[in-house]
Structure formats: structure tokens, C-alpha cells
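A short worksheet on the structure shown next.
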Amino acid sequence: MDGLGTNKNTILDILVGKSNAQRQTLRAKYKEMYRKELAEDLKSELGGDLEETVTGLLMPPVEYDAFCLHSSPGASDSVMLGILCTASPKELSLVKEHYKKMYGEDLDAVLRSKDSSGYMELLLGLSDSHRDPGSAVSQREAREDAEKLYRNGQGPIVKDEVFKTLLEKRNKDQIKATLAEYKKLSGRSLEDDVKAVDAGDEQEQYVTLLAALGDHVTFYADSLQNVFRGPKTSDSTLVRIVISRSEVDLPAIKAKFQERHGRSLREAIEKETKEDNREALLKILDKK
């Protein structure tokens with residue numbers, strides 16, 4: 001590899017020590033000097049999870065979101081769910097544009113090919129142009145929607161038109177307000193009532209979706225805990241959450257993880273990850 005040796009610590013110190021915008025400048029300068037793509041040169045030298053970490057760091061956020069969606073196994077993937085639930089319609093539109101450029105396919109069509117269920121259609125509705133793109137909250141509307149959901153709650157909630165409208169059309173802050181009003185009214189969370197009333201394979205998916213829309217910091221903290229419950233981590237979910245949230249809300253996720261799971265995220269990564277990838281993730285985690 002010309003121009004930059006393959007000392008892993010050197011590579012990590014350079015990449016993690018810079019913001020994503022600065023890494024894009026580095027990519028451009030490297031290509032100008034060596035007529036090669038830095039990411040491709042690193043891919044040829046590094047393997048396993050470390051390869052994904054380093055190449056992920058070198059992608060602009062919108063490209064990395066497109067990459068994660070392309071690599072997603074389907075509707076159960078927490079990274080995919082996080083992207084669809086936290087990005088605005090405008091941001092998702094940009095992701096779709098980049099996806100088309102990167103992979104030559106329509107993102108919605110690809111996701112439908114992985115899962116043709118009504119649940120996937122609901123997820124795709126999160127990027128619909130008719131979804132409220134703002135952040136304003138109407139407490140009156142939140143109370144009205146919560147009351148309608150509560151009155152209609154004797155039957156399957158996920159089939160209810162009010163439920164569908166809430167998830168497909170309201171902005172994320174409005175959804176949070178409605179979920180809070182529902183809990184005030186019923187004494188239970190909407191997730192708990194979906195668990196109690198609804199049945200079938202999609203039940204848990206809707207519960208997870210409500211969690212992602214209602215409190216995405218807690219959702220990511222719990223998603224990370226689910227990764228650590230599995231075998232010695234080779235799962236790229238950990239890498240993708242840490243990278244995608246590193247310049248967004250990773251400090252809040254770290255704090256929530258500690259609060260809910262009784263150990264720091266640093267401790268979990270030190271114990272559960274492979275040695276070659278551990279240092280990279282810890283450097284990202286510790287960056288100020």
C-alpha cells in the first residue's frame with residue numbers, strides 16, 4: 001500500500017482523530033496524491049470487522065446509511081430500523097438518491113424484495129413525502145390520537161387506522177408526545193398493550209418500531225445490549241451503530257446503556273469484541 005503504511009494504530013489514530021468532514025478531505029487528498037481510493041487501499045490490507053470499521057469511517061454519513069441499508073438482512077435489523085426511524089423525510093430522500101448511485105437499484109424495491117409484509121410497507125411509509133417533516137408538537141392532537149387508540153384497543157392495535165396514521169404521518173416528536181399521552185391515559189405503554197393484544201410474527205417488530213420512534217437513544221442502547229447477548233461479537237450491528245451515531249448522539253447512548261444495563265459500553269466492548277476490532281471501537285467511543 002503506497003503512501004500510508006498498514007500500521008493499524010497509525011491508521012486508527014488518523015481516522016478517528018478527525019471529524020467525518022475532515023476524513024472526506026483526507027480521502028480527496030489521498031486520491032490526488034496517489035491516484036487511488038484510500039478506502040480501497042485499506043480494504044486490501046485490513047480484514048474482518050476492522051475493515052468494516054475503517055471503511056465505514058471513510059464514508060460520508062449519507063453514503064454509510066445507504067451502505068448499511070444495502071447490507072441489511074431485512075425488517076428485523078436494528079440498524080435499518082434506526083435509520084428509517086431517526087432520519088427526516090428529506091434525509092431519507094438523500095439516502096435513496098445515494099443508494100441508487102451506489103448500487104443501481106431503487107431502495108424501496110430492494111427492501112420490499114427482502115420483506116413483502118405490511119410491516120415493511122409501514123417502514124417504507126416513514127420516508128413518504130406526506131409524512132410531517134417538522135418537529136412541532138400538538139398536545140391536543142397527541143391526546144386525541146391517544147384517546148382513539150385507547151378506545152379502539154380491544155382489537156388488534158397494529159391493524160388500527162389511527163395506529164397506522166400515527167406511525168406513517170406524524171413527525172417523531174409528535175409520536176413521542178402521543179405515546180406519553182397514551183401512557184397517562186391507560187397507565188401502560190402502547191408497546192405493552194401491543195404485546196398484550198396483538199399476536200403473530202409481526203408483534204415484536206411493531207414493539208421494536210414503537211421503541212425506535214419513541215426513544216431512539218434507549219432503542220440503540222438496548223440494540224447494543226442484544227448484540228452483546230450473542231456469541232463473541234462478529235456481528236457488524238455493533239460497528240454500524242457506533243459509527244453511524246458517533247457524531248450524532250453516541251454520548252447519550254453510552255449514558256443510557258450504563259443506566260439500563262449496569263455496565264459501561266466501554267466495558268462491554270472490552271469484554272465482548274474481537275481483539276483486532278476492539279481498539280478501533282474504543283477509540284471512537286472515547287473521542288471527545
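Naming scheme: A, B, ... for chains in displayed order of the C-alpha cells; residues 1 onward per chain; ligands 1 onward as shown.
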Report the closest atom pair, with its distance in Å rounded to one decimal, for each residue of range 176-221 of chain A that has an atom no farther than 9 Å from range 254-278 of chain A; count only C-alpha atoms, sort by chain and then rising residue number, and write it as a tab-separated table.
residue	atom	partner	partner_atom	distance
A:Val217	CA	A:Lys256	CA	7.1
A:Thr218	CA	A:Lys256	CA	6.3
A:Tyr220	CA	A:Phe257	CA	8.5
A:Ala221	CA	A:Phe257	CA	4.8
Include C-alpha atoms and write out the residues we just selected as an mmCIF file, in the first residue's frame.
data_model
loop_
_atom_site.group_PDB
_atom_site.id
_atom_site.type_symbol
_atom_site.label_atom_id
_atom_site.label_comp_id
_atom_site.auth_asym_id
_atom_site.auth_seq_id
_atom_site.Cartn_x
_atom_site.Cartn_y
_atom_site.Cartn_z
ATOM 1 C CA VAL A 217 -31.422 6.608 22.391
ATOM 2 C CA THR A 218 -32.903 3.832 24.529
ATOM 3 C CA TYR A 220 -29.897 1.951 20.368
ATOM 4 C CA ALA A 221 -28.700 1.189 23.911
#
Residues of range 38-260 of chain A in helix (DSSP H, G or I), written as a PyMOL selection string: chain A and resi 38-45+48-57+61-71+78-86+89-103+107-114+118-125+139-151+157-159+161-169+172-186+190-197+203-214+216-228+236-245+250-260
What's around range 49-57 of chain A at 8 Å? Count only C-alpha atoms, leave out sequence neighbours fewer than 6 positions away in its own chain, and write the answer as a list of chain:residue names. A:Leu12, A:Leu15, A:Val16, A:Asn20, A:Arg23, A:Ala39, A:Leu42, A:Lys43, A:Tyr64, A:Ser234, A:Ser236, A:Val239, A:Arg240, A:Ile243, A:Asp276, A:Asn277, A:Ala280, A:Leu281
Mind running range 77-97 of chain A against range 118-129 of chain A at 10 Å and telling me each contacting residue's nearest atom pair with the distance in Å (one decimal), counting only C-alpha atoms, chain and number ascending, as JSON lines?
{"residue": "A:Met80", "atom": "CA", "partner": "A:Leu123", "partner_atom": "CA", "distance": 9.7}
{"residue": "A:Leu81", "atom": "CA", "partner": "A:Leu123", "partner_atom": "CA", "distance": 7.9}
{"residue": "A:Leu84", "atom": "CA", "partner": "A:Leu126", "partner_atom": "CA", "distance": 6.5}
{"residue": "A:Cys85", "atom": "CA", "partner": "A:Leu126", "partner_atom": "CA", "distance": 6.9}
{"residue": "A:Thr86", "atom": "CA", "partner": "A:Leu126", "partner_atom": "CA", "distance": 9.5}
{"residue": "A:Ala87", "atom": "CA", "partner": "A:Ser127", "partner_atom": "CA", "distance": 8.5}
{"residue": "A:Ser88", "atom": "CA", "partner": "A:Ser127", "partner_atom": "CA", "distance": 7.4}
{"residue": "A:Pro89", "atom": "CA", "partner": "A:Ser127", "partner_atom": "CA", "distance": 4.8}
{"residue": "A:Lys90", "atom": "CA", "partner": "A:Ser127", "partner_atom": "CA", "distance": 8.1}
{"residue": "A:Glu91", "atom": "CA", "partner": "A:Ser127", "partner_atom": "CA", "distance": 8.8}
{"residue": "A:Leu92", "atom": "CA", "partner": "A:Ser127", "partner_atom": "CA", "distance": 6.0}
{"residue": "A:Ser93", "atom": "CA", "partner": "A:Ser127", "partner_atom": "CA", "distance": 7.2}
{"residue": "A:Lys96", "atom": "CA", "partner": "A:Ser127", "partner_atom": "CA", "distance": 9.6}
All residues 12 Å or closer to Leu210 in chain A, only C-alpha atoms, same chain fewer than 6 positions away omitted, as a count of residues only: 30
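Remark: for Leu26 in chain A, the closest of the candidate residues A:Leu58, A:Ala211, A:Leu46, A:Ile284 is A:Leu58 (distances computed over only C-alpha atoms).
If you look at CA of Glu37 in chain A and CA of Glu97 in chain A, they are 21.8 Å away from each other.
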Write out as a PDB file with N, CA and C atoms, in the first residue's frame the residues lying within 12 Å of Pro73 in chain A, counting only C-alpha atoms and excluding same-chain residues fewer than 6 positions away.
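Result file is part02.pdb:
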ATOM      1  N   VAL A  79     -30.233  -1.720  12.790  1.00  0.00           N
ATOM      2  CA  VAL A  79     -29.571  -0.601  12.122  1.00  0.00           C
ATOM      3  C   VAL A  79     -30.493  -0.004  11.066  1.00  0.00           C
ATOM      4  N   MET A  80     -31.115  -0.852  10.252  1.00  0.00           N
ATOM      5  CA  MET A  80     -32.069  -0.379   9.265  1.00  0.00           C
ATOM      6  C   MET A  80     -33.215   0.372   9.925  1.00  0.00           C
ATOM      7  N   LEU A  81     -33.752  -0.213  10.983  1.00  0.00           N
ATOM      8  CA  LEU A  81     -34.863   0.404  11.695  1.00  0.00           C
ATOM      9  C   LEU A  81     -34.454   1.761  12.262  1.00  0.00           C
ATOM     10  N   VAL A 110     -35.740  -2.793  -3.305  1.00  0.00           N
ATOM     11  CA  VAL A 110     -34.831  -3.776  -2.697  1.00  0.00           C
ATOM     12  C   VAL A 110     -35.357  -4.211  -1.332  1.00  0.00           C
ATOM     13  N   LEU A 111     -35.798  -3.247  -0.522  1.00  0.00           N
ATOM     14  CA  LEU A 111     -36.308  -3.599   0.800  1.00  0.00           C
ATOM     15  C   LEU A 111     -37.579  -4.435   0.701  1.00  0.00           C
ATOM     16  N   ARG A 112     -38.431  -4.123  -0.273  1.00  0.00           N
ATOM     17  CA  ARG A 112     -39.647  -4.937  -0.475  1.00  0.00           C
ATOM     18  C   ARG A 112     -39.282  -6.357  -0.895  1.00  0.00           C
ATOM     19  N   SER A 113     -38.200  -6.512  -1.637  1.00  0.00           N
ATOM     20  CA  SER A 113     -37.793  -7.854  -2.072  1.00  0.00           C
ATOM     21  C   SER A 113     -37.306  -8.691  -0.891  1.00  0.00           C
ATOM     22  N   LYS A 114     -36.840  -8.026   0.170  1.00  0.00           N
ATOM     23  CA  LYS A 114     -36.386  -8.735   1.363  1.00  0.00           C
ATOM     24  C   LYS A 114     -37.548  -9.089   2.280  1.00  0.00           C
ATOM     25  N   ASP A 115     -38.616  -8.278   2.224  1.00  0.00           N
ATOM     26  CA  ASP A 115     -39.752  -8.484   3.125  1.00  0.00           C
ATOM     27  C   ASP A 115     -40.962  -7.811   2.502  1.00  0.00           C
ATOM     28  N   SER A 236     -21.806  -7.177  12.669  1.00  0.00           N
ATOM     29  CA  SER A 236     -21.498  -5.818  12.238  1.00  0.00           C
ATOM     30  C   SER A 236     -22.474  -4.797  12.798  1.00  0.00           C
ATOM     31  N   THR A 237     -23.563  -5.248  13.439  1.00  0.00           N
ATOM     32  CA  THR A 237     -24.506  -4.305  14.050  1.00  0.00           C
ATOM     33  C   THR A 237     -23.799  -3.363  15.023  1.00  0.00           C
TER      34      THR A 237
END
Select, from A:Asp160, A:Asp106, A:Asp198, A:Asp173, the residue with the minimum atom-to-atom distance to Gly214 in chain A, counting only C-alpha atoms. A:Asp173
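Separating CA of Thr208 in chain A from CA of Ser78 in chain A is a distance of 8.6 Å.
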Please list as JSON, numbers by chain every residue within 7 Å of range 139-148 of chain A, counting only C-alpha atoms and excluding residues in the same chain fewer than 5 positions away. {"A": [162, 174, 177, 178, 181, 182]}
Could you save those same residues with N, CA and C atoms as an mmCIF file, in the first residue's frame?
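Saved as out-v8.cif:
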data_model
loop_
_atom_site.group_PDB
_atom_site.id
_atom_site.type_symbol
_atom_site.label_atom_id
_atom_site.label_comp_id
_atom_site.auth_asym_id
_atom_site.auth_seq_id
_atom_site.Cartn_x
_atom_site.Cartn_y
_atom_site.Cartn_z
ATOM 1 N N VAL A 162 -55.856 4.500 13.183
ATOM 2 C CA VAL A 162 -55.231 5.559 13.977
ATOM 3 C C VAL A 162 -53.760 5.212 14.239
ATOM 4 N N GLN A 174 -44.043 14.329 17.581
ATOM 5 C CA GLN A 174 -45.471 14.131 17.791
ATOM 6 C C GLN A 174 -45.762 12.701 18.246
ATOM 7 N N ALA A 177 -44.945 12.425 21.892
ATOM 8 C CA ALA A 177 -45.973 13.054 22.710
ATOM 9 C C ALA A 177 -47.216 12.166 22.801
ATOM 10 N N THR A 178 -47.578 11.532 21.702
ATOM 11 C CA THR A 178 -48.749 10.652 21.696
ATOM 12 C C THR A 178 -48.518 9.427 22.572
ATOM 13 N N GLU A 181 -48.932 10.521 26.122
ATOM 14 C CA GLU A 181 -50.339 10.723 26.459
ATOM 15 C C GLU A 181 -51.060 9.394 26.628
ATOM 16 N N TYR A 182 -50.705 8.431 25.798
ATOM 17 C CA TYR A 182 -51.324 7.103 25.907
ATOM 18 C C TYR A 182 -50.996 6.480 27.264
#
